[in-house]
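*Asks:* Before we start, here is the structure in question, set down as structure tokens.
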Number of protein chains: 2
Amino acid sequence: MLIQENYRIILASKSPRRSQLLTQAGLPFIVKANEVEETYPAAMPVAEVPVFLAQKKARAARGFLESTRDVVLAADSVVILDGEIFEKPVDEADAQRILGRLSGRTHEVITGVCLLTSSREIAFGDLTRVKFGDLSPEEIIHYIRTYQPYDKAGAYAIQEWIGLCKIEKIEGTYANVMGLPVQRVWKALEDILA
Amino acid sequence: MLIQENYRIILASKSPRRSQLLTQAGLPFIVKANEVEETYPAAMPVAEVPVFLAQKKARAARGFLESTRDVVLAADSVVILDGEIFEKPVDEADAQRILGRLSGRTHEVITGVCLLTSSREIAFGDLTRVKFGDLSPEEIIHYIRTYQPYDKAGAYAIQEWIGLCKIEKIEGTYANVMGLPVQRVWKALEDILA
């Protein structure tokens with residue numbers, strides 16, 4: 001059983017939400033991330049992009065491994081609707097456009113994850129479906145101006161007003177939408193440290 | 001639109017998780033709750049129990065209403081599996097028994113909600129399906145001793161280790177499992193304050 005094992009996660013991500021999730025789950029970790037250019041081949045199917053980027057981030061942090069009980073953990077989350085990836089919004093108009101598209105629809109959040117030890121690499125993607133209720137133009141503007149979601153893929157965070165008051169249903173896990181499918185990470189840790 | 005409206009929620013619940021959800025959603029509230037005996041007719045169908053108890057709690061707080069912009073909000077959450085309600089565990093053995101039953105299965109969380117103003121009452125239940133992965137006896141004991149889930153219906157909290165590492169999937173909202181279906185409450189507020 002993993003609970004009493006002696007290991008350390010090197011979280012290769014500066015996302016405060018990922019740190020918060022690991023803290024909440026009681027998993028031991030430190031944050032060490034190198035800058036990685038988040039580019040991918042133009043022909044790559046959208047559903048494969050987050051796993052590709054997570055691998056890129058994990059491999060860029062390989063140098064932080066100090067012992068065989070160290071595990072690099074990297075992740076990348078994307079919001080997908082109608083086969084299109086919604087990135088972080090570049091400005092207010094872009095955030096308005098993205099939230100207008102998500103209004104009243106079900107989109108997918110895929111978080112790609114890569115775990116890396118001195119001898120192994122595991123990578124996978126986890127998918128959650130998210131159904132938004134209707135968002136009025138006033139609600140969209142209110143949300144953007146109050147919460148400034150410029151560092152969020154898809155221009156929203158599930159744990160803020162818009163997520164609590166406007167998301168009608170999810171299928172999958174909440175943690176995955178926040179940025180890290182903790183349950184899948186736990187399973188992978190059990191496997192990689194066995 | 002509700003955002004700029006002048007109203008005040010009187011939360012008739014001492015649950016810190018419900019306060020946390022309202023805070024996170026940015027809704028204005030104060031906590032004022034009277035003690036209510038959480039009993040219900042033995043013949044009542046289990047799915048109706050949380051709405052019945054939420055109404056009981058809301059009505060017991062009616063005296064706190066001071067203006068027509070005050071809204072009493074009460075809620076009651078139950079965990080249901082195989083037609084049986086799992087209450088708060090009475091001791092460690094009971095918590096072990098409950099979590100052993102939930103292991104590897106999909107259960108339902110229903111939160112009953114009641115909103116009350118000086119002139120109206122709205123009550124409803126919201127259902128979320130929760131799928132647990134397998135829990136080993138060691139994991140169950142670890143969770144119970146570390147997190148002491150004696151104040152939680154069903155002997156677990158979704159925002160703790162067990163929820164993050166062992167819940168494979170939910171269908172519905174995370175907030176509902178935490179104790180308050182905030183999105184449905186928001187809709188009801190729009191209706192009752194219109």
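Chain labels follow the order of the structure tokens: the first chain is A, the next B, and so on; residue numbering restarts at 1 in every chain, and ligands are counted from 1 in their shown order.
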Using only C-alpha atoms, find which residues of chain B lie within 7 Å of chain A and jot them down as a compact mmCIF listing (two decimals) with C-alpha atoms, in the first residue's frame.

*Replies:*
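Output (part-v4.txt):
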```
# COMPACT_ATOMS: atom_id res chain seq x y z
CA GLN B 24 -16.57 30.45 -2.68
CA ALA B 25 -19.59 31.29 -4.85
CA GLY B 26 -19.56 34.88 -3.60
CA GLU B 160 -10.45 14.79 1.51
CA TRP B 161 -7.91 12.06 0.64
CA LEU B 164 -9.53 12.76 -4.30
CA CYS B 165 -7.70 9.42 -4.51
CA LYS B 166 -10.53 6.90 -4.45
CA ILE B 167 -13.55 8.40 -6.23
CA GLU B 168 -13.33 7.40 -9.89
CA LYS B 169 -16.22 9.40 -11.24
CA ILE B 170 -19.19 11.52 -10.33
CA GLU B 171 -22.28 12.34 -12.36
CA GLY B 172 -23.88 15.54 -11.13
CA THR B 173 -22.13 18.27 -9.18
CA TYR B 174 -19.27 18.14 -6.70
CA VAL B 182 -25.09 25.66 -5.35
CA GLN B 183 -26.12 25.85 -9.00
CA TRP B 186 -28.68 30.00 -7.49
```

*Asks:* What's around A:Tyr156 at 12 Å? Count only C-alpha atoms, leave out sequence neighbours fewer than 4 positions away in its own chain, and write the answer as a PyMOL selection string.

*Replies:* chain A and resi 78-79+86-89+95-96+98-100+102-103+109+130+132+140+143-152+160-164+166-167+177-179

*Asks:* Need to verify the contact set: B:Leu11, 12 Å, only C-alpha atoms, exclusion of same-chain residues closer than 3 positions in sequence. Can you return it as a PyMOL selection string?

*Replies:* chain B and resi 8+14-23+27-34+54+57-58+60-62+64-65+70-75+113-116+180+185

*Asks:* By how many Å are atom CA of A:Ile80 and atom CA of A:Glu108 apart?

*Replies:* 5.1 Å

*Asks:* For A:Asp82, list every protein, DNA or RNA residue within 10 Å, evaluated using only C-alpha atoms, and leave out those in the same chain fewer than 4 positions away; present the list as a list in words.

*Replies:* Arg101, Thr106, His107 and Glu108 of chain A
